[in-house]
Amino acid sequence: METGLAGKTAIVTGAASGIGLACARGLADEGANVVLADVNGLRVQEAAAALGGHAVEADVSKPEEARRVVEEAVARSGRLDVLVASHGVFQGTAIDAMDPDEWDRVNAVNLRSVFLLAQAALAQMVPRRSGRIVTIASVAGQAGGLFAGAGYSASKGGVLALTKSIARYAGPHGVTANCVCPGIVDTPMTQAWPADVREGFAASTPLGRIARPEEVAAAVVFLASDAASFVHGAHVDVNGGFLMD
C-alpha cells in the first residue's frame, strides 16, 4: 500500500508509550517527520531519539501548550499534514463516588485537549486545503463504562462526537477527520489493571485476546495515509469483535 506519508509532518500526542508510541513508530516507518508530544518529558525525549523524531513536552489540555505543539511542528518544516490525538488518562471511579474535580480533570485531558489541538491544527491545514486528523476514542465511549468510570467513558464518547463535528467543518476545506475506537489494548495503562479484569476482557473478545498497540497504530497510519483519502467522519473499531454495531 502506498501511503504517501514520506516527507510529511505528523504530530502524535501521548507518544511516550502505548498506543501513541506505536502510532509515532508506524508513521516514522512510512517516512513521516514525526513530532512526539507528551506530558512526560524524559520518556518522550527517549522515544523521539529512538525514532529520529522531535520531542515536545507539553500538557495539551492547556490552550497555550496545545498551540505550542503545533507551532513547533510547523516551525520545523513549514507545514502540518497529520495530527494524531492519542493521549489520554484513565479513570475508573464509580459515578456515585466521583468528585466533580476528577470529572473535570479527566474531561480536560481526554476531550478538551482534542478540541484545542484540532483547532490549532486546522488553522494550519485549512489554508493549504490538505490534512489528516485522527483521534483515539475507546470502546468505553461506545458501550458506557465497562471497567472504566463514567468520566472516562463520557470523555471518549465526546471524542467520537467531536471528531464528527471536526469532519463536518473540515471536509469542505480538504481536511479529513476520523476516529479509531480501540478495545482493550496491552499498554502501561491496562497492565496496571487486575489480572482477572484483563483476562475477563480477553475471554469476552471473539478473537480471544486483547490488542497490541501496533494493531491500533495500523488503523491510524491507514487513516493518515493517501489510501484513506475518501474515508471521512468515520469511526474505525479495533476491538477484536468485543463490540459489534
# chains A, B, ... in the order shown; residues from 1 in each chain; ligands from 1
$ closest_atom_pairs --of "region 190-210 of chain A" --to "region 142-155 of chain A" --cutoff "10 Å" --atoms "only C-alpha atoms" --output "tab-separated table"
residue	atom	partner	partner_atom	distance
A:Trp193	CA	A:Phe147	CA	9.3
A:Val197	CA	A:Phe147	CA	7.9
A:Arg198	CA	A:Phe147	CA	9.7
A:Phe201	CA	A:Phe147	CA	9.4
$ residues_around --residues "Gly183 (chain A)" --least-positions-apart "5" --cutoff "9 Å" --atoms "only C-alpha atoms" --output "JSON, numbers by chain"
{"A": [138, 139, 140, 210, 211, 237, 238, 239, 240, 241, 242, 243]}
$ write_last_selection --atoms "C-alpha atoms" --output "PDB file, in the first residue's frame"
ATOM      1  CA  SER A 138     -12.441   3.905  23.143  1.00  0.00           C
ATOM      2  CA  VAL A 139     -14.952   1.102  23.248  1.00  0.00           C
ATOM      3  CA  ALA A 140     -15.859   2.557  26.656  1.00  0.00           C
ATOM      4  CA  ILE A 210      -6.543  -8.111  23.902  1.00  0.00           C
ATOM      5  CA  ALA A 211      -4.939  -5.953  21.246  1.00  0.00           C
ATOM      6  CA  ASP A 237     -13.321  -0.187  15.600  1.00  0.00           C
ATOM      7  CA  VAL A 238     -10.197  -2.111  16.603  1.00  0.00           C
ATOM      8  CA  ASN A 239     -11.658  -4.276  19.337  1.00  0.00           C
ATOM      9  CA  GLY A 240     -11.376  -7.879  18.170  1.00  0.00           C
ATOM     10  CA  GLY A 241     -15.162  -8.135  17.932  1.00  0.00           C
ATOM     11  CA  PHE A 242     -15.734  -7.184  21.579  1.00  0.00           C
ATOM     12  CA  LEU A 243     -18.407  -4.706  20.456  1.00  0.00           C
TER      13      LEU A 243
END
$ closest_residue --among "A:Ala121, A:Ile133, A:Ile11, A:Val35" --to "Ala55 (chain A)" --atoms "only C-alpha atoms"
A:Val35
$ closest_residue --among "A:Ala97, A:Ala75, A:Ala234, A:Ala118" --to "Thr13 (chain A)" --atoms "only C-alpha atoms"
A:Ala118
$ residues_around --residues "His232 (chain A)" --least-positions-apart "3" --cutoff "6 Å" --atoms "only C-alpha atoms" --output "list in words"
Thr176, Ala177 and Asn178 of chain A
$ write_last_selection --atoms "N, CA and C atoms" --output "PDB file, in the first residue's frame"
ATOM      1  N   THR A 176      -9.466  15.681   6.167  1.00  0.00           N
ATOM      2  CA  THR A 176     -10.272  14.578   6.672  1.00  0.00           C
ATOM      3  C   THR A 176     -10.101  14.442   8.177  1.00  0.00           C
ATOM      4  N   ALA A 177     -11.131  13.908   8.813  1.00  0.00           N
ATOM      5  CA  ALA A 177     -11.099  13.656  10.260  1.00  0.00           C
ATOM      6  C   ALA A 177     -11.802  12.340  10.534  1.00  0.00           C
ATOM      7  N   ASN A 178     -11.129  11.465  11.247  1.00  0.00           N
ATOM      8  CA  ASN A 178     -11.667  10.152  11.575  1.00  0.00           C
ATOM      9  C   ASN A 178     -11.231   9.748  12.976  1.00  0.00           C
TER      10      ASN A 178
END
$ atom_distance --atom1 "CA of Glu57 (chain A)" --atom2 "CA of Gly41 (chain A)"
4.8 Å
$ atom_distance --atom1 "CA of Ala49 (chain A)" --atom2 "CA of Ala15 (chain A)"
12.1 Å
$ select_by_dssp --residues "region 39-176 of chain A" --states "strand (DSSP E)" --output "list in words"
His54, Ala55, Val56, Glu57, Val82, Leu83, Val84, Ala85, Gly131, Arg132, Ile133, Val134, Thr135, Ile136, Val175 and Thr176 of chain A
$ residues_around --residues "Arg132 (chain A)" --least-positions-apart "3" --cutoff "12 Å" --atoms "only C-alpha atoms" --output "PyMOL selection string"
chain A and resi 5+8-12+80-85+118+121-122+124-126+128-129+135+163+166-167+170-171+173-179+220-233
$ closest_residue --among "A:Ile95, A:Thr187, A:Ser113, A:His87" --to "Glu64 (chain A)" --atoms "only C-alpha atoms"
A:Ser113
$ atom_distance --atom1 "CA of Val109 (chain A)" --atom2 "CA of Val89 (chain A)"
6.7 Å
$ select_by_dssp --residues "region 96-217 of chain A" --states "alpha helix (DSSP H)" --output "ChimeraX atom specification"
/A:100-107,113-128,139-143,150-170,188-191,195-204,213-217
$ write_last_selection --atoms "C-alpha atoms" --output "mmCIF file, in the first residue's frame"
data_model
loop_
_atom_site.group_PDB
_atom_site.id
_atom_site.type_symbol
_atom_site.label_atom_id
_atom_site.label_comp_id
_atom_site.auth_asym_id
_atom_site.auth_seq_id
_atom_site.Cartn_x
_atom_site.Cartn_y
_atom_site.Cartn_z
ATOM 1 C CA PRO A 100 -16.543 16.865 40.268
ATOM 2 C CA ASP A 101 -12.882 17.894 40.170
ATOM 3 C CA GLU A 102 -11.956 14.411 38.954
ATOM 4 C CA TRP A 103 -14.642 14.652 36.271
ATOM 5 C CA ASP A 104 -13.234 17.988 35.129
ATOM 6 C CA ARG A 105 -9.648 16.716 35.082
ATOM 7 C CA VAL A 106 -10.456 13.630 33.018
ATOM 8 C CA ASN A 107 -12.514 15.577 30.518
ATOM 9 C CA SER A 113 -7.376 18.892 24.682
ATOM 10 C CA VAL A 114 -8.529 17.224 21.451
ATOM 11 C CA PHE A 115 -10.620 20.306 20.673
ATOM 12 C CA LEU A 116 -7.630 22.570 21.399
ATOM 13 C CA LEU A 117 -5.259 20.538 19.238
ATOM 14 C CA ALA A 118 -7.733 20.241 16.380
ATOM 15 C CA GLN A 119 -8.409 23.966 16.452
ATOM 16 C CA ALA A 120 -4.689 24.740 16.248
ATOM 17 C CA ALA A 121 -4.095 22.112 13.559
ATOM 18 C CA LEU A 122 -6.998 23.283 11.405
ATOM 19 C CA ALA A 123 -5.574 26.797 11.400
ATOM 20 C CA GLN A 124 -2.594 25.319 9.552
ATOM 21 C CA MET A 125 -4.376 22.735 7.409
ATOM 22 C CA VAL A 126 -7.400 24.658 6.134
ATOM 23 C CA PRO A 127 -5.442 27.353 4.243
ATOM 24 C CA ARG A 128 -3.495 24.598 2.476
ATOM 25 C CA VAL A 139 -14.952 1.102 23.248
ATOM 26 C CA ALA A 140 -15.859 2.557 26.656
ATOM 27 C CA GLY A 141 -17.187 5.637 24.882
ATOM 28 C CA GLN A 142 -19.454 3.423 22.784
ATOM 29 C CA ALA A 143 -20.626 0.936 25.414
ATOM 30 C CA ALA A 150 -18.303 7.444 33.832
ATOM 31 C CA GLY A 151 -15.886 10.343 33.414
ATOM 32 C CA TYR A 152 -13.584 8.362 31.128
ATOM 33 C CA SER A 153 -16.473 6.896 29.137
ATOM 34 C CA ALA A 154 -18.124 10.285 28.699
ATOM 35 C CA SER A 155 -14.862 11.888 27.600
ATOM 36 C CA LYS A 156 -14.253 9.212 24.973
ATOM 37 C CA GLY A 157 -17.836 9.379 23.765
ATOM 38 C CA GLY A 158 -17.226 13.093 23.448
ATOM 39 C CA VAL A 159 -14.149 12.457 21.320
ATOM 40 C CA LEU A 160 -16.327 10.434 18.946
ATOM 41 C CA ALA A 161 -18.875 13.246 18.629
ATOM 42 C CA LEU A 162 -16.207 15.941 18.407
ATOM 43 C CA THR A 163 -14.491 14.100 15.563
ATOM 44 C CA LYS A 164 -17.728 14.105 13.582
ATOM 45 C CA SER A 165 -18.066 17.836 14.197
ATOM 46 C CA ILE A 166 -14.489 18.384 13.034
ATOM 47 C CA ALA A 167 -15.264 16.336 9.932
ATOM 48 C CA ARG A 168 -18.365 18.407 9.138
ATOM 49 C CA TYR A 169 -16.315 21.579 9.276
ATOM 50 C CA ALA A 170 -13.054 20.364 7.773
ATOM 51 C CA PRO A 188 1.029 0.519 30.548
ATOM 52 C CA MET A 189 -2.458 1.733 31.448
ATOM 53 C CA THR A 190 -4.143 -1.660 31.221
ATOM 54 C CA GLN A 191 -1.130 -3.518 32.588
ATOM 55 C CA ALA A 195 -5.263 -9.734 36.112
ATOM 56 C CA ASP A 196 -8.803 -11.079 36.347
ATOM 57 C CA VAL A 197 -10.170 -7.945 34.659
ATOM 58 C CA ARG A 198 -7.748 -8.261 31.748
ATOM 59 C CA GLU A 199 -8.474 -11.980 31.459
ATOM 60 C CA GLY A 200 -12.196 -11.304 31.522
ATOM 61 C CA PHE A 201 -11.959 -8.867 28.641
ATOM 62 C CA ALA A 202 -9.853 -11.320 26.641
ATOM 63 C CA ALA A 203 -12.368 -14.096 27.253
ATOM 64 C CA SER A 204 -15.229 -11.800 26.171
ATOM 65 C CA PRO A 213 -0.645 -1.245 20.362
ATOM 66 C CA GLU A 214 0.704 -1.842 16.868
ATOM 67 C CA GLU A 215 -2.686 -3.167 15.764
ATOM 68 C CA VAL A 216 -4.327 0.110 16.711
ATOM 69 C CA ALA A 217 -1.489 2.067 15.117
#
$ residues_around --residues "Gly53 (chain A)" --least-positions-apart "4" --cutoff "10 Å" --atoms "only C-alpha atoms" --output "PDB file with C-alpha atoms, in the first residue's frame"
ATOM      1  CA  ALA A  10       2.883  14.445  11.701  1.00  0.00           C
ATOM      2  CA  ILE A  11       2.146  15.249  15.328  1.00  0.00           C
ATOM      3  CA  ALA A  24       4.626   7.512  16.101  1.00  0.00           C
ATOM      4  CA  ARG A  25       6.691   4.485  15.137  1.00  0.00           C
ATOM      5  CA  ALA A  28       8.050   7.207  11.108  1.00  0.00           C
ATOM      6  CA  ALA A  32       6.932  10.877   8.032  1.00  0.00           C
ATOM      7  CA  ASN A  33       8.683  13.534  10.070  1.00  0.00           C
ATOM      8  CA  VAL A  34       7.148  12.888  13.466  1.00  0.00           C
ATOM      9  CA  VAL A  35       6.752  15.349  16.325  1.00  0.00           C
ATOM     10  CA  LEU A  36       6.155  13.370  19.506  1.00  0.00           C
ATOM     11  CA  VAL A  44       9.106  11.397  25.128  1.00  0.00           C
ATOM     12  CA  GLN A  45      12.680  12.603  24.587  1.00  0.00           C
ATOM     13  CA  GLU A  46      13.839   8.977  24.670  1.00  0.00           C
ATOM     14  CA  ALA A  47      11.089   7.905  22.278  1.00  0.00           C
ATOM     15  CA  ALA A  48      11.863  10.706  19.832  1.00  0.00           C
ATOM     16  CA  ALA A  49      15.563   9.910  19.890  1.00  0.00           C
TER      17      ALA A  49
END
$ closest_residue --among "A:Gly208, A:Pro194, A:Pro182, A:Gly31" --to "Ile19 (chain A)" --atoms "only C-alpha atoms"
A:Pro182
$ closest_residue --among "A:Ile184, A:Met244, A:Thr93, A:Leu51" --to "Leu27 (chain A)" --atoms "only C-alpha atoms"
A:Leu51
$ closest_residue --among "A:Asp59, A:Arg68, A:Ser86, A:Arg79" --to "Gly14 (chain A)" --atoms "only C-alpha atoms"
A:Ser86
